[in-house]
>>> print(open('start06.csv').read())   # CSV, C-alpha atoms and all ligand atoms
chain,number,residue,atom,x,y,z
A,1,MET,CA,33.2,70.7,76.4
A,2,LYS,CA,32.6,73.7,78.7
A,3,LYS,CA,32.8,77.1,77.0
A,4,ILE,CA,35.4,79.4,78.5
A,5,PHE,CA,34.6,83.1,79.3
A,6,ALA,CA,37.7,84.9,80.3
A,7,ALA,CA,37.6,88.5,81.6
A,8,ASN,CA,40.7,90.6,80.9
A,9,TRP,CA,40.3,93.7,83.1
A,10,LYS,CA,43.6,95.3,81.9
A,11,MET,CA,44.6,98.2,84.1
A,12,ASN,CA,41.2,98.8,85.6
A,13,LYS,CA,39.4,98.4,88.9
A,14,THR,CA,40.5,99.0,92.4
A,15,PRO,CA,40.8,96.0,94.7
A,16,GLN,CA,37.5,96.9,96.3
A,17,GLU,CA,35.8,97.2,92.8
A,18,ALA,CA,37.3,93.9,91.8
A,19,PHE,CA,36.0,92.3,95.0
A,20,ASP,CA,32.6,93.7,94.5
A,21,PHE,CA,32.4,92.4,90.9
A,22,CYS,CA,33.3,88.9,92.1
A,23,GLU,CA,30.7,89.0,94.9
A,24,LYS,CA,28.0,90.1,92.5
A,25,LEU,CA,29.1,87.5,90.0
A,26,LYS,CA,28.7,84.8,92.6
A,27,SER,CA,25.3,86.0,93.8
A,28,GLN,CA,23.9,86.7,90.3
A,29,GLY,CA,25.6,84.3,88.1
A,30,GLN,CA,27.0,81.3,89.9
A,31,SER,CA,24.1,78.8,89.4
A,32,GLN,CA,23.4,80.1,85.9
A,33,LEU,CA,27.1,79.8,84.8
A,34,ILE,CA,27.4,76.3,86.3
A,35,SER,CA,24.2,75.0,84.8
A,36,ASN,CA,25.1,76.6,81.4
A,37,ASN,CA,28.4,74.6,81.5
A,38,CYS,CA,30.5,77.7,81.5
A,39,GLU,CA,34.0,78.1,82.8
A,40,VAL,CA,34.8,81.6,84.0
A,41,MET,CA,38.3,83.1,84.3
A,42,ILE,CA,39.1,86.5,85.7
A,43,PHE,CA,42.3,88.3,85.0
A,44,PRO,CA,42.4,91.3,87.3
A,45,GLN,CA,45.1,93.9,87.7
A,46,ASN,CA,47.7,92.4,90.0
A,47,PHE,CA,47.0,94.7,93.0
A,48,SER,CA,43.6,93.2,93.0
A,49,LEU,CA,44.5,89.6,92.9
A,50,GLN,CA,44.3,89.2,96.7
A,51,ARG,CA,40.8,90.5,96.9
A,52,VAL,CA,39.6,88.5,93.9
A,53,SER,CA,41.2,85.4,95.6
A,54,GLU,CA,39.3,86.1,98.8
A,55,SER,CA,36.0,86.3,97.0
A,56,LEU,CA,36.5,83.4,94.6
A,57,LYS,CA,38.0,80.8,96.9
A,58,ASP,CA,35.8,77.8,97.1
A,59,THR,CA,34.0,78.7,93.9
A,60,PRO,CA,34.4,77.1,90.4
A,61,PHE,CA,35.7,80.4,89.1
A,62,VAL,CA,39.4,80.7,88.5
A,63,PHE,CA,41.6,83.7,88.2
A,64,GLY,CA,45.2,84.7,87.5
A,65,PRO,CA,47.6,87.5,86.6
A,66,GLN,CA,47.7,89.3,83.2
A,67,GLU,CA,51.5,89.2,83.2
A,68,ILE,CA,54.4,87.5,85.0
A,69,HIS,CA,58.2,87.5,85.0
A,70,PHE,CA,59.9,84.4,83.7
A,71,GLU,CA,62.0,84.0,86.9
A,72,ARG,CA,60.3,82.6,89.9
A,73,SER,CA,61.7,85.1,92.4
A,74,GLY,CA,64.7,87.3,93.0
A,75,ALA,CA,66.1,90.8,92.3
A,76,PHE,CA,63.6,91.9,89.7
A,77,THR,CA,62.2,95.2,91.1
A,78,GLY,CA,58.7,95.9,90.1
A,79,GLU,CA,58.0,92.5,88.5
A,80,ASN,CA,55.3,89.9,89.3
A,81,SER,CA,56.0,86.4,90.3
A,82,ALA,CA,53.9,83.5,89.1
A,83,ASP,CA,54.8,81.6,92.3
A,84,ILE,CA,53.3,84.4,94.4
A,85,ALA,CA,50.2,84.5,92.2
A,86,GLN,CA,49.9,80.7,92.6
A,87,ALA,CA,50.2,81.1,96.4
A,88,MET,CA,47.2,83.5,96.2
A,89,GLY,CA,45.2,80.8,94.4
A,90,ALA,CA,45.8,81.7,90.8
A,91,LYS,CA,45.4,78.8,88.4
A,92,VAL,CA,45.6,80.6,85.0
A,93,ILE,CA,48.0,83.1,83.5
A,94,LEU,CA,47.5,85.4,80.5
A,95,LEU,CA,50.5,85.5,78.2
A,96,GLY,CA,51.5,87.3,75.1
A,97,HIS,CA,48.6,89.8,74.9
A,98,SER,CA,49.1,92.1,71.9
A,99,GLU,CA,49.3,95.1,74.3
A,100,ARG,CA,52.2,93.4,76.0
A,101,ARG,CA,53.8,92.7,72.6
A,102,GLN,CA,53.3,96.1,71.2
A,103,LEU,CA,53.8,98.4,74.2
A,104,PHE,CA,56.1,96.5,76.5
A,105,GLY,CA,58.5,94.6,74.1
A,106,GLU,CA,57.1,91.1,74.8
A,107,ASN,CA,58.7,88.7,72.4
A,108,SER,CA,59.1,85.0,71.6
A,109,ILE,CA,62.2,84.6,73.8
A,110,SER,CA,60.6,86.0,76.9
A,111,LEU,CA,57.3,84.2,76.2
A,112,ASN,CA,59.1,80.9,75.8
A,113,LYS,CA,60.6,81.3,79.2
A,114,LYS,CA,57.3,82.3,80.7
A,115,LEU,CA,55.5,79.4,79.1
A,116,ARG,CA,58.0,77.0,80.5
A,117,LEU,CA,57.6,78.5,84.0
A,118,VAL,CA,53.8,78.2,83.8
A,119,GLN,CA,54.2,74.7,82.6
A,120,SER,CA,56.5,73.8,85.5
A,121,LEU,CA,54.0,75.2,88.0
A,122,LYS,CA,51.2,73.2,86.4
A,123,MET,CA,49.2,76.3,85.8
A,124,THR,CA,47.2,76.9,82.6
A,125,PRO,CA,48.4,79.5,80.1
A,126,VAL,CA,46.0,81.6,78.1
A,127,PHE,CA,48.3,82.3,75.2
A,128,CYS,CA,47.3,85.3,73.0
A,129,ILE,CA,48.1,85.5,69.3
A,130,GLY,CA,46.8,87.6,66.4
A,131,GLU,CA,47.6,89.6,63.3
A,132,THR,CA,47.7,93.3,62.7
A,133,LEU,CA,45.5,95.0,60.1
A,134,ASP,CA,48.5,95.2,57.7
A,135,GLN,CA,49.2,91.5,58.1
A,136,ARG,CA,45.6,90.6,57.4
A,137,LYS,CA,45.5,92.8,54.4
A,138,ALA,CA,48.6,91.1,53.1
A,139,GLY,CA,46.9,87.7,53.5
A,140,LYS,CA,49.3,86.6,56.3
A,141,THR,CA,46.8,86.0,59.1
A,142,ALA,CA,47.3,82.2,59.4
A,143,GLU,CA,51.1,82.5,58.8
A,144,VAL,CA,51.5,85.1,61.6
A,145,CYS,CA,49.4,83.1,64.1
A,146,PHE,CA,51.3,79.9,63.4
A,147,GLU,CA,54.6,81.7,63.7
A,148,GLN,CA,53.6,83.2,67.0
A,149,ILE,CA,52.9,79.7,68.4
A,150,GLN,CA,55.7,77.9,66.7
A,151,SER,CA,58.5,80.4,67.6
A,152,VAL,CA,57.7,80.1,71.2
A,153,ILE,CA,57.7,76.3,71.1
A,154,GLN,CA,60.7,76.0,68.8
A,155,LEU,CA,62.8,78.2,71.1
A,156,GLY,CA,63.1,75.3,73.4
A,157,VAL,CA,59.8,74.3,75.0
A,158,ASP,CA,59.8,70.6,74.6
A,159,LEU,CA,57.0,69.9,72.2
A,160,GLN,CA,56.1,66.6,74.0
A,161,SER,CA,55.8,68.3,77.3
A,162,GLN,CA,53.7,71.0,75.6
A,163,ILE,CA,51.4,68.3,74.3
A,164,ASP,CA,51.3,66.8,77.8
A,165,LEU,CA,50.8,70.2,79.3
A,166,GLU,CA,48.5,69.9,82.2
A,167,PRO,CA,45.8,70.8,82.7
A,168,ARG,CA,45.9,72.2,79.1
A,169,PHE,CA,46.9,74.9,76.6
A,170,ILE,CA,44.4,77.7,75.9
A,171,LEU,CA,45.0,79.8,72.8
A,172,ALA,CA,43.3,83.2,72.5
A,173,TYR,CA,43.0,84.4,68.9
A,174,GLU,CA,42.7,88.2,69.0
A,175,PRO,CA,43.1,90.1,65.8
A,176,VAL,CA,45.0,93.2,66.9
A,177,TRP,CA,42.7,95.5,64.9
A,178,ALA,CA,39.6,94.2,66.7
A,179,ILE,CA,40.9,94.8,70.3
A,180,GLY,CA,39.1,97.7,72.0
A,181,THR,CA,38.1,99.1,68.6
A,182,GLY,CA,34.5,98.0,68.4
A,183,GLN,CA,35.4,96.4,65.1
A,184,VAL,CA,34.7,92.8,65.6
A,185,ALA,CA,36.0,90.2,63.1
A,186,THR,CA,33.3,88.9,60.8
A,187,LEU,CA,32.0,85.4,61.4
A,188,GLU,CA,33.7,84.2,58.2
A,189,GLN,CA,37.1,85.6,59.3
A,190,VAL,CA,36.7,84.0,62.8
A,191,GLU,CA,35.7,80.7,61.3
A,192,GLU,CA,38.5,80.6,58.8
A,193,THR,CA,41.2,81.5,61.3
A,194,HIS,CA,39.9,79.1,64.0
A,195,GLU,CA,39.7,76.3,61.5
A,196,HIS,CA,43.4,76.9,60.6
A,197,LEU,CA,44.4,77.1,64.2
A,198,PHE,CA,42.5,73.9,65.1
A,199,LYS,CA,44.2,72.0,62.3
A,200,PHE,CA,47.6,73.5,63.1
A,201,MET,CA,47.3,72.5,66.8
A,202,THR,CA,46.0,69.1,66.0
A,203,GLN,CA,48.7,68.4,63.4
A,204,SER,CA,51.3,69.7,65.8
A,205,GLY,CA,50.2,66.9,68.2
A,206,PHE,CA,48.4,69.0,70.8
A,207,LYS,CA,45.4,67.1,72.3
A,208,ASN,CA,44.2,69.1,75.3
A,209,PHE,CA,43.7,72.6,73.9
A,210,SER,CA,41.0,75.3,73.5
A,211,ILE,CA,40.8,78.3,71.2
A,212,LEU,CA,39.2,81.5,72.4
A,213,TYR,CA,38.2,84.4,70.3
A,214,GLY,CA,38.9,88.0,71.5
A,215,GLY,CA,38.4,91.4,70.2
A,216,SER,CA,35.3,93.6,70.8
A,217,VAL,CA,33.2,90.7,72.0
A,218,LYS,CA,29.9,92.2,73.3
A,219,SER,CA,26.6,90.8,74.3
A,220,ASP,CA,25.1,91.5,70.9
A,221,ASN,CA,27.7,89.6,68.9
A,222,ALA,CA,28.5,86.8,71.3
A,223,LYS,CA,25.6,84.6,70.4
A,224,SER,CA,26.6,84.3,66.8
A,225,LEU,CA,30.4,84.1,67.5
A,226,ILE,CA,30.0,81.3,70.0
A,227,GLN,CA,28.4,79.2,67.4
A,228,VAL,CA,31.3,79.4,65.0
A,229,PRO,CA,33.1,76.0,64.8
A,230,HIS,CA,36.2,75.8,67.0
A,231,VAL,CA,35.3,78.8,69.0
A,232,ASP,CA,35.6,77.4,72.5
A,233,GLY,CA,34.9,80.7,74.3
A,234,PHE,CA,36.0,84.3,74.6
A,235,LEU,CA,38.6,86.6,76.0
A,236,ILE,CA,36.7,89.8,76.8
A,237,GLY,CA,38.1,93.2,77.6
A,238,GLY,CA,35.8,96.2,77.8
A,239,ALA,CA,32.6,94.3,78.1
A,240,SER,CA,33.9,92.2,81.0
A,241,LEU,CA,34.2,95.3,83.3
A,242,GLN,CA,30.5,95.2,84.3
A,243,VAL,CA,28.9,92.1,85.8
A,244,ASP,CA,25.7,92.6,83.8
A,245,SER,CA,27.4,92.8,80.4
A,246,PHE,CA,29.8,90.0,81.2
A,247,LEU,CA,27.0,87.7,82.3
A,248,LYS,CA,25.0,88.5,79.1
A,249,ILE,CA,28.0,87.3,77.1
A,250,CYS,CA,28.1,84.1,79.1
A,251,GLU,CA,24.4,83.6,78.5
A,252,ALA,CA,25.1,83.6,74.8
A,253,HIS,CA,26.1,80.0,75.2
B,301,LIG,P1,38.2,94.1,74.0
B,301,LIG,O1,39.6,93.5,74.5
B,301,LIG,O2,37.1,93.0,74.3
B,301,LIG,O3,38.0,95.4,74.8
B,301,LIG,O4,38.3,94.3,72.5
B,301,LIG,C1,39.9,92.2,74.4
B,301,LIG,C2,41.3,91.9,74.9
B,301,LIG,O5,42.2,92.8,74.8
B,301,LIG,O6,41.6,90.9,75.5
>>> encode(input="start06.csv", output="structure tokens")
Amino acid sequence: MKKIFAANWKMNKTPQEAFDFCEKLKSQGQSQLISNNCEVMIFPQNFSLQRVSESLKDTPFVFGPQEIHFERSGAFTGENSADIAQAMGAKVILLGHSERRQLFGENSISLNKKLRLVQSLKMTPVFCIGETLDQRKAGKTAEVCFEQIQSVIQLGVDLQSQIDLEPRFILAYEPVWAIGTGQVATLEQVEETHEHLFKFMTQSGFKNFSILYGGSVKSDNAKSLIQVPHVDGFLIGGASLQVDSFLKICEAH
């Protein structure tokens, strides 16, 4: 199976900077990434989607927004439409990032609606989950992660259609305390949680899914992290902002 390397640029890069990144990625990394069996996903800030789309069309690299509204269109001033992103060529959508949950009130109800929309558009969700430091200290990591997945599904997304979700369901396990802190989870912590998540997803009936790790992934820890069982790739924030450091992470595979 291809390993997935997803760049979450958060609120960074002008459209021109985003375009330049993609052009450089194509010229420096395309053949290497393809021969290394890597799948690359770029999540730019929404104003930059158009330029990213111009650069990445007719390439194997996919892209998509970091956030969408759960309605397809209408009177929702300031919101972003998944349909419009799809019309720009987006194939993937980031959902439930901890910054959205913590800073912008994202919850299971809105995520459930968003997941359904992504599903109906036949786009691929990259669904983020993860525990806070307090939850980890209380020994609740697996419980919190399962609950984050289950609550969204139980709220009404039909499990069967989730299982059939095409092309697939991508989970991104990101311990909240490891995001942007430089404090990467230990290999044992990643292994334990990914093992739990793999079992949970399999027992829930999911067939076509991947589990990414995210949280302070850098070129120097990527090599060991990618070898952990059930780590199918990474969701990368800070280290994805420069082509060189992003490519170094992809080379870890
Ligand atoms: P980080 O961010 O790599 O900068 O820790 C990861 C993320 O938030 O997706």
>>> residues_near_ligand(input="start06.csv", ligand="ligand LIG 301 (chain B)", cutoff="9 Å", atoms="only C-alpha atoms and all ligand atoms", output="VMD selection string")
chain A and resid 6 to 10 97 to 99 128 172 174 176 to 184 213 to 218 234 to 240
>>> residues_around(input="start06.csv", residues="range 70-74 of chain A", least_positions_apart="4", cutoff="12 Å", atoms="only C-alpha atoms", output="NGL selection string")
:A and (78-86 or 93 or 95 or 106 or 109-121)
>>> atom_distance(input="start06.csv", atom1="CA of Ile249 in chain A", atom2="CA of Met88 in chain A")
27.3 Å
>>> atom_distance(input="start06.csv", atom1="CA of Glu191 in chain A", atom2="CA of Asn221 in chain A")
14.2 Å
>>> atom_distance(input="start06.csv", atom1="CA of Gln203 in chain A", atom2="CA of Gln150 in chain A")
12.3 Å
>>> closest_residue(input="start06.csv", among="A:Ser245, A:Ser55, A:Ser48, A:Ser210", to="Phe127 in chain A", atoms="all atoms listed in the file")
A:Ser210
>>> closest_residue(input="start06.csv", among="A:Asn208, A:Ser108, A:Thr186, A:Thr132", to="Ser151 in chain A", atoms="all atoms listed in the file")
A:Ser108
>>> closest_atom_pairs(input="start06.csv", of="range 48-117 of chain A", to="range 18-37 of chain A", cutoff="10 Å", atoms="only C-alpha atoms", output="CSV")
residue,atom,partner,partner_atom,distance
A:Ser48,CA,A:Ala18,CA,6.5
A:Leu49,CA,A:Ala18,CA,8.5
A:Gln50,CA,A:Phe19,CA,9.0
A:Arg51,CA,A:Phe19,CA,5.5
A:Val52,CA,A:Phe19,CA,5.3
A:Ser53,CA,A:Phe19,CA,8.7
A:Glu54,CA,A:Phe19,CA,8.0
A:Ser55,CA,A:Cys22,CA,6.2
A:Leu56,CA,A:Cys22,CA,6.8
A:Thr59,CA,A:Lys26,CA,8.2
A:Pro60,CA,A:Ile34,CA,8.2
A:Phe61,CA,A:Gln30,CA,8.8
>>> closest_residue(input="start06.csv", among="A:Phe200, A:Phe104, A:Phe169, A:Phe47", to="Phe146 in chain A", atoms="all atoms listed in the file")
A:Phe200
